[in-house]
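As stored in start_27.txt (compact mmCIF, C-alpha atoms and all ligand atoms):
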# COMPACT_ATOMS: atom_id res chain seq x y z
CA PRO I 148 100.94 69.49 -7.94
CA PRO I 149 102.93 72.14 -9.89
CA SER I 150 102.95 75.47 -8.07
CA PRO I 151 101.01 78.28 -9.77
CA PRO I 152 103.03 80.91 -11.67
CA PRO I 153 104.23 83.77 -9.47
CA ARG I 154 101.96 86.80 -9.23
CA SER I 155 103.58 90.01 -10.43
CA ILE I 156 103.53 92.81 -7.86
CA SER I 157 104.56 96.47 -7.64
CA ILE I 158 105.14 98.36 -4.40
CA PHE I 159 104.81 102.14 -4.26
CA GLY I 160 106.58 103.36 -1.11
CA ALA I 161 108.71 100.22 -0.87
CA THR I 162 111.20 101.67 1.63
CA GLY I 163 108.57 102.67 4.21
CA SER I 164 107.05 100.84 7.14
CA VAL I 165 104.21 99.24 5.12
CA GLY I 166 106.44 98.73 2.04
CA THR I 167 109.15 96.84 3.95
CA SER I 168 106.52 94.76 5.79
CA THR I 169 105.08 93.81 2.39
CA LEU I 170 108.54 92.78 1.17
CA ASP I 171 109.05 90.74 4.37
CA LEU I 172 105.99 88.70 3.38
CA VAL I 173 107.33 88.26 -0.16
CA ARG I 174 110.61 87.03 1.38
CA LEU I 175 108.64 84.34 3.23
CA ASN I 176 106.89 83.27 0.01
CA PRO I 177 109.57 83.83 -2.65
CA SER I 178 108.17 81.53 -5.33
CA ALA I 179 104.67 83.03 -5.11
CA TYR I 180 105.59 86.59 -6.17
CA ARG I 181 107.65 88.34 -8.83
CA VAL I 182 108.54 91.99 -8.22
CA VAL I 183 107.90 94.36 -11.12
CA ALA I 184 108.37 97.91 -9.76
CA LEU I 185 109.58 99.34 -6.45
CA THR I 186 109.44 103.06 -5.64
CA ALA I 187 110.82 105.37 -2.97
CA HIS I 188 111.02 109.10 -2.40
CA SER I 189 114.72 109.90 -1.87
CA ASP I 190 116.54 106.92 -0.31
CA ALA I 191 118.35 105.74 -3.45
CA SER I 192 120.67 103.28 -1.72
CA GLY I 193 117.84 101.71 0.33
CA LEU I 194 115.74 101.38 -2.82
CA ALA I 195 118.62 99.90 -4.85
CA LYS I 196 119.30 97.33 -2.12
CA LEU I 197 115.68 96.14 -2.25
CA ALA I 198 115.60 96.19 -6.06
CA ARG I 199 118.73 93.99 -6.14
CA GLU I 200 117.42 91.55 -3.56
CA PHE I 201 114.07 91.12 -5.33
CA SER I 202 115.38 91.45 -8.93
CA ALA I 203 112.86 94.22 -9.63
CA GLU I 204 112.37 95.18 -13.27
CA VAL I 205 112.18 98.89 -12.42
CA ALA I 206 113.19 101.04 -9.45
CA VAL I 207 111.71 104.54 -9.28
CA ILE I 208 113.04 107.38 -7.14
CA SER I 209 110.65 110.35 -7.05
CA ASP I 210 113.34 112.82 -6.15
CA ALA I 211 114.99 113.40 -9.54
CA ALA I 212 118.15 114.72 -7.83
CA GLN I 213 118.79 111.14 -6.68
CA HIS I 214 118.72 109.71 -10.21
CA ASP I 215 122.48 109.20 -10.60
CA ALA I 216 122.84 107.76 -7.12
CA LEU I 217 120.15 105.19 -7.98
CA ALA I 218 121.59 104.37 -11.40
CA ASP I 219 125.09 103.92 -9.91
CA ALA I 220 123.78 101.67 -7.15
CA LEU I 221 122.01 99.49 -9.74
CA GLN I 222 125.09 99.02 -11.97
CA GLY I 223 125.46 95.42 -13.10
CA THR I 224 121.80 94.53 -12.49
CA ASN I 225 118.88 94.19 -14.91
CA THR I 226 116.86 96.75 -12.93
CA GLN I 227 116.08 99.98 -14.77
CA ALA I 228 116.56 103.20 -12.79
CA TRP I 229 113.77 105.75 -13.30
CA SER I 230 113.25 109.07 -11.55
CA GLY I 231 110.82 111.94 -11.13
CA ALA I 232 107.07 112.36 -10.76
CA GLN I 233 106.24 111.18 -14.30
CA ALA I 234 108.25 107.99 -13.70
CA LEU I 235 105.87 107.11 -10.84
CA LEU I 236 102.98 107.20 -13.33
CA ASP I 237 104.99 105.21 -15.87
CA ALA I 238 105.63 102.59 -13.18
CA ALA I 239 101.87 102.40 -12.57
CA ASP I 240 101.45 101.75 -16.30
CA ILE I 241 103.57 98.58 -16.16
CA ASP I 242 101.28 95.57 -15.93
CA ALA I 243 101.16 93.95 -12.47
CA ASP I 244 98.70 91.51 -10.90
CA TRP I 245 98.79 93.39 -7.59
CA THR I 246 99.93 96.87 -6.55
CA MET I 247 100.65 98.07 -3.03
CA ALA I 248 99.90 101.79 -2.55
CA ALA I 249 102.08 102.62 0.47
CA ILE I 250 103.33 106.13 -0.30
CA VAL I 251 102.47 108.49 2.56
CA GLY I 252 100.26 111.49 1.81
CA CYS I 253 98.55 113.00 -1.20
CA ALA I 254 101.85 112.49 -3.08
CA GLY I 255 100.67 108.93 -3.73
CA LEU I 256 97.34 109.89 -5.27
CA ALA I 257 98.31 110.27 -8.95
CA PRO I 258 99.95 106.83 -9.31
CA ILE I 259 97.00 105.22 -7.46
CA MET I 260 94.54 106.84 -9.87
CA ARG I 261 96.63 105.54 -12.78
CA SER I 262 96.63 101.99 -11.36
CA LEU I 263 92.87 102.13 -10.74
CA LEU I 264 92.16 103.41 -14.26
CA ARG I 265 94.24 100.48 -15.58
CA GLY I 266 91.85 98.13 -13.74
CA ARG I 267 94.44 96.77 -11.32
CA SER I 268 94.12 95.15 -7.91
CA VAL I 269 95.27 97.92 -5.62
CA ALA I 270 96.07 97.24 -1.97
CA LEU I 271 95.45 100.60 -0.35
CA ALA I 272 97.51 101.66 2.66
CA ASN I 273 97.73 105.31 1.55
CA LYS I 274 94.59 106.60 3.28
CA GLU I 275 95.38 110.27 2.51
CA ALA I 276 94.71 109.62 -1.20
CA LEU I 277 91.22 108.31 -0.42
CA VAL I 278 90.53 111.22 1.94
CA SER I 279 91.49 113.77 -0.74
CA ALA I 280 89.92 112.09 -3.75
CA GLY I 281 87.62 109.36 -2.44
CA ALA I 282 84.74 109.84 -4.87
CA LEU I 283 87.10 110.00 -7.87
CA MET I 284 88.99 106.90 -6.78
CA ILE I 285 85.83 104.86 -6.19
CA GLU I 286 84.46 105.96 -9.56
CA ALA I 287 87.74 105.10 -11.32
CA ALA I 288 87.69 101.62 -9.76
CA ARG I 289 84.05 101.11 -10.69
CA SER I 290 84.47 102.19 -14.30
CA SER I 291 87.60 100.09 -14.93
CA GLY I 292 86.69 97.07 -12.81
CA ALA I 293 89.70 97.62 -10.53
CA THR I 294 89.70 96.02 -7.09
CA LEU I 295 90.49 98.09 -3.99
CA LEU I 296 91.82 95.94 -1.15
CA PRO I 297 91.94 97.88 2.14
CA VAL I 298 95.22 97.50 4.05
CA ASP I 299 94.60 99.86 6.96
CA SER I 300 94.03 97.37 9.79
CA GLU I 301 90.52 98.66 10.61
CA HIS I 302 89.35 98.65 7.00
CA ASN I 303 90.95 95.31 6.31
CA ALA I 304 89.07 94.00 9.36
CA ILE I 305 85.77 95.40 8.04
CA PHE I 306 86.49 93.99 4.58
CA GLN I 307 87.01 90.55 6.15
CA CYS I 308 83.85 90.88 8.29
CA LEU I 309 81.86 91.79 5.17
CA ALA I 310 83.01 88.69 3.25
CA GLY I 311 79.94 86.60 2.62
CA GLY I 312 77.72 89.40 3.93
CA ASN I 313 75.74 92.07 2.17
CA ILE I 314 76.54 95.75 2.75
CA ASP I 315 72.80 96.55 2.48
CA GLU I 316 72.20 94.44 5.59
CA VAL I 317 74.79 96.28 7.70
CA GLU I 318 73.42 98.30 10.59
CA SER I 319 76.67 99.90 11.73
CA ILE I 320 80.44 99.77 11.51
CA THR I 321 82.66 100.35 14.54
CA LEU I 322 86.19 101.55 13.97
CA THR I 323 88.33 100.69 16.96
CA ALA I 324 91.05 103.11 18.05
CA SER I 325 93.98 102.48 20.38
CA GLY I 326 93.73 106.06 21.62
CA GLY I 327 97.39 106.62 20.78
CA PRO I 328 100.26 107.54 23.11
CA PHE I 329 98.34 110.44 24.71
CA ARG I 330 95.13 108.54 25.49
CA THR I 331 95.42 109.31 29.20
CA TRP I 332 97.11 112.74 28.91
CA THR I 333 95.37 115.97 29.84
CA THR I 334 95.07 118.78 27.32
CA GLU I 335 97.67 120.73 29.31
CA GLN I 336 100.12 117.82 29.11
CA MET I 337 99.49 117.52 25.36
CA ARG I 338 100.20 121.23 24.91
CA ALA I 339 103.85 120.50 25.78
CA ALA I 340 104.07 117.16 23.93
CA ARG I 341 107.31 116.69 21.97
CA PRO I 342 107.65 114.93 18.59
CA ASP I 343 109.56 111.99 20.10
CA GLN I 344 106.69 111.42 22.55
CA ALA I 345 104.09 111.64 19.80
CA VAL I 346 105.79 109.07 17.56
CA ALA I 347 106.21 106.53 20.38
CA HIS I 348 103.03 104.54 19.78
CA PRO I 349 102.13 102.02 22.50
CA ASN I 350 101.01 99.20 20.15
CA TRP I 351 102.05 99.80 16.54
CA SER I 352 105.38 100.59 14.88
CA MET I 353 104.70 102.97 11.96
CA GLY I 354 106.05 105.86 9.89
CA ALA I 355 106.36 109.28 11.57
CA LYS I 356 103.36 110.94 9.89
CA ILE I 357 100.79 108.30 10.81
CA SER I 358 102.29 108.06 14.30
CA VAL I 359 101.58 111.77 14.90
CA ASP I 360 98.10 111.28 13.38
CA SER I 361 97.53 108.51 15.95
CA ALA I 362 98.59 110.84 18.75
CA THR I 363 96.19 113.61 17.64
CA MET I 364 93.62 110.94 16.67
CA PHE I 365 93.30 112.65 13.28
CA ASN I 366 94.24 109.17 12.11
CA LYS I 367 90.86 107.88 13.27
CA GLY I 368 89.15 110.80 11.58
CA LEU I 369 90.97 110.11 8.30
CA GLU I 370 89.94 106.47 8.73
CA LEU I 371 86.31 107.53 9.21
CA ILE I 372 86.45 109.27 5.83
CA GLU I 373 88.26 106.26 4.37
CA ALA I 374 85.53 103.92 5.70
CA HIS I 375 82.80 106.21 4.36
CA HIS I 376 84.18 105.80 0.82
CA LEU I 377 85.00 102.10 1.03
CA PHE I 378 81.88 100.93 2.87
CA PRO I 379 78.79 103.01 1.94
CA VAL I 380 76.61 102.44 5.01
CA GLY I 381 76.03 106.15 5.72
CA LEU I 382 78.23 108.40 7.82
CA ASP I 383 76.00 108.16 10.91
CA ALA I 384 76.36 104.39 10.92
CA ILE I 385 80.16 104.59 11.29
CA ARG I 386 81.27 104.85 14.92
CA ILE I 387 84.54 105.13 16.79
CA LEU I 388 85.35 103.12 19.91
CA VAL I 389 88.56 103.40 21.92
CA HIS I 390 90.07 99.97 22.60
CA PRO I 391 93.57 100.39 24.06
CA GLN I 392 94.79 96.80 23.46
CA SER I 393 94.36 97.01 19.63
CA VAL I 394 93.26 93.36 19.45
CA ILE I 395 89.82 93.86 17.89
CA HIS I 396 90.64 95.71 14.69
CA SER I 397 87.05 96.74 13.87
CA MET I 398 83.51 95.38 13.86
CA VAL I 399 80.51 95.08 11.57
CA GLU I 400 77.00 94.90 13.02
CA TYR I 401 74.33 93.37 10.78
CA ARG I 402 70.66 94.25 11.04
CA ASP I 403 69.84 91.03 12.91
CA ARG I 404 72.22 92.43 15.63
CA SER I 405 74.87 89.86 14.88
CA THR I 406 78.24 91.61 15.23
CA LEU I 407 81.38 90.29 13.52
CA ALA I 408 84.85 91.36 14.59
CA GLN I 409 88.33 90.61 13.27
CA LEU I 410 91.03 90.02 15.88
CA GLY I 411 94.77 89.65 15.77
CA ALA I 412 98.06 90.84 17.21
CA PRO I 413 98.71 94.51 16.40
CA ASP I 414 101.05 93.74 13.49
CA MET I 415 100.48 95.33 10.06
CA LYS I 416 101.85 92.20 8.39
CA ILE I 417 98.53 90.48 9.19
CA PRO I 418 96.28 92.85 7.19
CA ILE I 419 98.99 93.21 4.52
CA ALA I 420 99.16 89.41 4.15
CA SER I 421 95.38 89.29 3.86
CA ALA I 422 95.42 91.84 1.02
CA LEU I 423 98.48 90.28 -0.65
CA ALA I 424 97.06 86.77 -0.86
CA TRP I 425 93.37 87.70 -1.24
CA PRO I 426 91.14 85.81 -1.87
CA GLN I 427 93.50 83.13 -0.55
CA ARG I 428 95.61 83.09 2.63
CA ILE I 429 99.37 82.84 3.09
CA ALA I 430 101.28 81.83 6.22
CA THR I 431 102.99 84.60 8.22
CA GLN I 432 105.37 84.54 11.16
CA CYS I 433 103.17 86.96 13.11
CA THR I 434 102.49 86.37 16.80
CA PRO I 435 99.41 84.19 17.27
CA LEU I 436 96.54 85.72 19.21
CA ASP I 437 96.73 84.53 22.82
CA LEU I 438 93.67 85.89 24.60
CA ALA I 439 94.37 84.02 27.85
CA THR I 440 97.65 85.92 28.18
CA ILE I 441 96.07 89.24 27.16
CA GLY I 442 93.39 88.53 29.79
CA GLN I 443 91.21 91.59 29.27
CA LEU I 444 89.94 93.66 26.37
CA THR I 445 88.71 97.09 27.43
CA PHE I 446 86.70 99.80 25.71
CA GLU I 447 85.98 103.47 26.34
CA PRO I 448 84.23 106.28 24.45
CA LEU I 449 86.24 108.79 22.44
CA ASP I 450 86.94 111.97 24.44
CA THR I 451 85.98 114.59 21.86
CA GLU I 452 87.18 117.46 24.08
CA ARG I 453 90.77 116.30 24.30
CA PHE I 454 90.75 114.87 20.77
CA PRO I 455 88.92 117.21 18.37
CA GLY I 456 90.47 115.59 15.25
CA PRO I 457 87.84 112.92 14.53
CA GLY I 458 85.01 115.48 14.87
CA ILE I 459 86.75 117.89 12.49
CA CYS I 460 87.06 115.02 10.00
CA ARG I 461 83.41 113.98 10.40
CA ALA I 462 82.29 117.57 9.76
CA ALA I 463 84.55 117.83 6.70
CA ILE I 464 83.22 114.70 5.02
CA ALA I 465 79.66 115.71 5.90
CA ALA I 466 80.28 119.12 4.26
CA GLY I 467 81.75 117.31 1.27
CA GLY I 468 83.09 119.16 -1.76
CA SER I 469 86.74 120.03 -1.39
CA ALA I 470 86.66 120.04 2.43
CA PRO I 471 88.27 116.58 2.92
CA ALA I 472 91.10 117.38 0.47
CA ILE I 473 91.73 120.70 2.25
CA LEU I 474 91.66 118.99 5.63
CA ASN I 475 94.15 116.37 4.52
CA ALA I 476 96.57 118.89 3.02
CA ALA I 477 96.44 121.15 6.08
CA ASN I 478 97.02 118.19 8.37
CA GLU I 479 100.01 116.96 6.33
CA ILE I 480 101.63 120.40 6.52
CA ALA I 481 100.82 120.86 10.21
CA VAL I 482 102.19 117.42 11.13
CA ALA I 483 105.42 118.14 9.23
CA ALA I 484 105.75 121.49 11.05
CA PHE I 485 105.18 119.79 14.41
CA LEU I 486 107.82 117.15 13.62
CA GLU I 487 110.24 119.99 12.76
CA GLY I 488 109.54 121.60 16.14
CA ARG I 489 108.00 124.69 14.54
CA ILE I 490 104.57 124.42 16.18
CA GLY I 491 103.12 122.81 19.27
CA PHE I 492 101.09 119.60 19.34
CA LEU I 493 97.74 121.34 19.91
CA ASP I 494 98.45 123.72 17.02
CA ILE I 495 97.93 120.85 14.58
CA ALA I 496 94.14 120.72 15.08
CA ALA I 497 93.97 124.53 15.33
CA ILE I 498 95.70 124.95 11.96
CA VAL I 499 93.50 122.35 10.27
CA SER I 500 90.39 124.12 11.61
CA ASP I 501 91.69 127.55 10.52
CA VAL I 502 92.40 126.39 6.97
CA LEU I 503 89.04 124.60 6.69
CA ALA I 504 87.20 127.72 7.88
CA GLY I 505 88.24 129.53 4.71
CA TYR I 506 87.34 126.79 2.24
CA ILE I 507 85.20 126.96 -0.88
CA PRO I 508 82.70 124.06 -0.92
CA SER I 509 82.93 123.10 -4.61
CA ALA I 510 83.48 119.42 -5.35
CA PRO I 511 86.63 118.55 -7.29
CA GLN I 512 85.68 117.08 -10.68
CA SER I 513 89.05 115.66 -11.67
CA LEU I 514 92.41 114.58 -10.34
CA GLN I 515 93.78 117.95 -11.53
CA ASP I 516 91.16 119.73 -9.41
CA VAL I 517 92.14 117.75 -6.32
CA LEU I 518 95.83 118.43 -6.85
CA ALA I 519 95.14 122.16 -7.29
CA ILE I 520 93.05 122.26 -4.09
CA ASP I 521 95.76 120.31 -2.30
CA ARG I 522 98.45 122.83 -3.36
CA GLU I 523 96.29 125.79 -2.34
CA ALA I 524 95.46 124.31 1.08
CA ARG I 525 99.16 123.57 1.70
CA ALA I 526 99.95 127.23 1.01
CA MET I 527 97.15 128.35 3.37
CA ALA I 528 98.45 126.01 6.07
CA ALA I 529 102.00 127.33 5.63
CA VAL I 530 100.70 130.88 6.26
CA ALA I 531 98.78 129.72 9.35
CA ILE I 532 101.93 128.00 10.62
CA SER I 533 104.15 131.02 10.11
CA THR I 534 101.92 132.98 12.52
CA LYS I 535 102.39 130.26 15.17
CA ASP I 536 106.03 129.42 14.42
CA ARG I 537 108.05 129.24 17.62
CA ASN I 538 111.39 129.88 15.92
P1 LIG T 601 106.62 105.68 5.81
O1 LIG T 601 106.92 107.09 6.05
O2 LIG T 601 107.29 104.64 6.63
O3 LIG T 601 106.92 105.32 4.26
C1 LIG T 601 106.45 106.11 3.22
C2 LIG T 601 106.94 105.63 1.87
O4 LIG T 601 106.51 106.58 0.89
C3 LIG T 601 108.46 105.56 1.75
O5 LIG T 601 108.81 104.50 0.87
C4 LIG T 601 108.82 106.91 1.12
O6 LIG T 601 110.02 106.84 0.36
C5 LIG T 601 107.62 107.16 0.21
N1 LIG T 601 107.34 108.58 0.06
C6 LIG T 601 107.27 109.52 1.05
N2 LIG T 601 106.98 110.73 0.53
C7 LIG T 601 106.90 110.57 -0.81
C8 LIG T 601 106.67 111.45 -1.89
N3 LIG T 601 106.46 112.78 -1.70
N4 LIG T 601 106.64 110.95 -3.14
C9 LIG T 601 106.85 109.64 -3.36
N5 LIG T 601 107.09 108.74 -2.37
C10 LIG T 601 107.12 109.21 -1.11
O7 LIG T 601 105.04 105.54 5.89
P2 LIG T 601 104.18 104.27 6.36
O8 LIG T 601 104.02 104.29 7.82
O9 LIG T 601 104.68 103.05 5.67
O10 LIG T 601 102.75 104.67 5.78
C11 LIG T 601 102.46 104.60 4.39
C12 LIG T 601 100.95 104.80 4.21
O11 LIG T 601 100.28 103.70 4.82
C13 LIG T 601 100.42 106.07 4.89
O12 LIG T 601 99.40 106.61 4.12
C14 LIG T 601 99.85 105.54 6.19
O13 LIG T 601 98.78 106.32 6.68
C15 LIG T 601 99.36 104.17 5.79
N6 LIG T 601 99.30 103.21 6.90
C16 LIG T 601 100.43 102.88 7.55
C17 LIG T 601 100.39 101.99 8.61
C18 LIG T 601 101.64 101.59 9.35
O14 LIG T 601 101.58 100.73 10.23
N7 LIG T 601 102.79 102.13 9.03
C19 LIG T 601 99.16 101.46 9.02
C20 LIG T 601 98.01 101.82 8.32
C21 LIG T 601 98.09 102.70 7.25
MG MG T 602 94.50 102.10 10.96
In structure tokens, how does this file's structure come out?
Amino acid sequence: PPSPPPRSISIFGATGSVGTSTLDLVRLNPSAYRVVALTAHSDASGLAKLAREFSAEVAVISDAAQHDALADALQGTNTQAWSGAQALLDAADIDADWTMAAIVGCAGLAPIMRSLLRGRSVALANKEALVSAGALMIEAARSSGATLLPVDSEHNAIFQCLAGGNIDEVESITLTASGGPFRTWTTEQMRAARPDQAVAHPNWSMGAKISVDSATMFNKGLELIEAHHLFPVGLDAIRILVHPQSVIHSMVEYRDRSTLAQLGAPDMKIPIASALAWPQRIATQCTPLDLATIGQLTFEPLDTERFPGPGICRAAIAAGGSAPAILNAANEIAVAAFLEGRIGFLDIAAIVSDVLAGYIPSAPQSLQDVLAIDREARAMAAVAISTKDRN
């Protein structure tokens, strides 16, 4: 039979860990996809290389200072070189059957909102956007008929476990957590943790920011907020379970006490492939699950004393209003300061708590509101950091 026409796709954050994994899957299935837009922050040559390989229509570099470098690197191709923040929105305006949102941080929020308002299918890796503006994003998707496809491995697992089920019949959702590189460390050991130790995740290979979030376990807290928006079962029905092997990616318990789990090797290409091909399936070259070799799956409760992050996140989403956006902004700034060696590992949670303590509980009504809150919280976090700065 004739093969179906290729689906047009755009990838925001194409040069990152999730972006390049997405392009690896496109490489495996070249006739199934046609690349419309690729974006990156400042790596013009890396972006141009990808745009050439995939014959992208448009390549967008957010950092306008890199415009000429991008344009030069794209000489002789049909790819247009765009730059700056507005160009990211313009790229979201170009029609595409599927859009990957894989920018890290609140920086990816505005183009996601644009894609959602255009009624697109948006594969969401960028959890920070949903943490900062969850209600607005869900409402935008509802009003336009856009589809949100969760890419985060836990949320993709839940999405798969909910297929054919009814969210009203769900009793609870369990987010599994690897526990990160410091799962067995004492608080005193964590006090001296260095950036290189924090980004060395035992199971997953990821960008620096999410790797630090995994080490503090703020990642699981952000994912709790993400799950709360994507799967409205009530905050109390969303639980966290430490599972060091990262084989069970999450679980859904129905009211008859039947529990469904999704399993697989800890490889982001598996949930990305699921979102890319949804509602169909594509082949991947990922390692098959071999439970006989793994031998044992183990579980332990979250230690809330050593890892305050998830509790801070649960309190912020319960408080509502602008608290989650403030939390996210403070965490982004604190993680960056830790990676620069300006603050210690335990200072991250302390700074997030400090900034949240001074927050005003009004709910953002618009994207502009969220971006204003985000800017303000970043400034507050910068002040909190300067008092702790080791340099
Ligand atoms: P990464 O740092 O590897 O890549 C980030 C991408 O975003 C790059 O293409 C970069 O150029 C772009 N970018 C960075 N800052 C930007 C800015 N200010 N403006 C525009 N573009 C910018 O990150 P990653 O690990 O691929 O993670 C991307 C998102 O996916 C994050 O929200 C992360 O939490 C989420 N996620 C990642 C993984 C993973 O395995 N890496 C798993 C689950 C969820
Ligand atoms: Mg995850």
Show me a table, sorted first by chain and then by increasing residue number, of the residues of chain I having an atom at most 7 Å from ligand LIG 601 (chain T), each with its shortest atom pair and the distance in Å to one decimal, counting all atoms listed in the file and written as a tab-separated table.
residue	atom	partner	partner_atom	distance
I:Phe159	CA	T:LIG601	O5	6.9
I:Gly160	CA	T:LIG601	O5	3.2
I:Ala161	CA	T:LIG601	O5	4.6
I:Thr162	CA	T:LIG601	O5	3.8
I:Gly163	CA	T:LIG601	O3	3.1
I:Ser164	CA	T:LIG601	O9	3.6
I:Val165	CA	T:LIG601	O9	3.9
I:Gly166	CA	T:LIG601	O9	5.9
I:Thr186	CA	T:LIG601	O5	6.7
I:Ala187	CA	T:LIG601	O6	3.7
I:His188	CA	T:LIG601	O6	3.7
I:Ser189	CA	T:LIG601	O6	6.0
I:Asp190	CA	T:LIG601	O6	6.6
I:Ser209	CA	T:LIG601	C9	5.3
I:Ala249	CA	T:LIG601	C11	4.4
I:Ile250	CA	T:LIG601	O4	3.4
I:Val251	CA	T:LIG601	O12	3.9
I:Gly252	CA	T:LIG601	O12	5.5
I:Ala254	CA	T:LIG601	N3	4.8
I:Gly255	CA	T:LIG601	C9	6.2
I:Ala272	CA	T:LIG601	O11	4.1
I:Asn273	CA	T:LIG601	O12	3.3
I:Lys274	CA	T:LIG601	O12	4.9
I:Glu275	CA	T:LIG601	O12	5.7
I:Val298	CA	T:LIG601	C20	6.7
I:Asp299	CA	T:LIG601	C20	4.2
I:Ser300	CA	T:LIG601	C20	6.1
I:Trp351	CA	T:LIG601	O14	6.4
I:Ser352	CA	T:LIG601	O14	6.0
I:Met353	CA	T:LIG601	N7	3.6
I:Gly354	CA	T:LIG601	O8	3.3
I:Ala355	CA	T:LIG601	O1	6.0
I:Lys356	CA	T:LIG601	O1	6.5
I:Ile357	CA	T:LIG601	O13	5.0
I:Met415	CA	T:LIG601	O14	5.5
Just want the 9 Å neighbourhood of Pro455 in chain I, counted on only C-alpha atoms, with same-chain residues fewer than 3 positions away dropped. Output as a short mmCIF file (atom, residue, chain, number, x, y, z; two decimals) with C-alpha atoms, in the frame of the given file.
data_model
loop_
_atom_site.label_atom_id
_atom_site.label_comp_id
_atom_site.auth_asym_id
_atom_site.auth_seq_id
_atom_site.Cartn_x
_atom_site.Cartn_y
_atom_site.Cartn_z
CA THR I 363 96.19 113.61 17.64
CA MET I 364 93.62 110.94 16.67
CA PHE I 365 93.30 112.65 13.28
CA ASP I 450 86.94 111.97 24.44
CA THR I 451 85.98 114.59 21.86
CA GLU I 452 87.18 117.46 24.08
CA GLY I 458 85.01 115.48 14.87
CA ILE I 459 86.75 117.89 12.49
CA CYS I 460 87.06 115.02 10.00
CA ALA I 496 94.14 120.72 15.08
#
(request) Skip Met527 in chain I itself and residues of its chain fewer than 4 positions away, then list as a PyMOL selection string all residues within 8 Å of it, counting all atoms listed in the file. (result) chain I and resi 477+502+523+531
(request) Using all atoms listed in the file, find each residue with an atom at most 8 Å away from ligand MG 602 (chain T) and format the answer as a ChimeraX atom specification. (result) /I:299-302,324,366-367,370
(request) Just the residues within 7 Å of range 281-294 of chain I, please, counting only C-alpha atoms, with nothing from its chain fewer than 5 positions along; format it as a ChimeraX atom specification. (result) /I:260,263-269,376
(message) When you look at Asp516 in chain I with a cut-off of 12 Å (counting only C-alpha atoms), what residues show up, excluding the ones that are within fewer than 2 positions of it in the same chain? I need them as a list in words.
(response)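 Here the qualifying residues turn out to be Ala257, Ser279, Ala280, Leu283, Gly468, Ser469, Ala472, Ile473, Ser509, Ala510, Pro511, Gln512, Ser513, Leu514, Leu518, Ala519, Ile520, Asp521, Arg522 and Glu523 of chain I.
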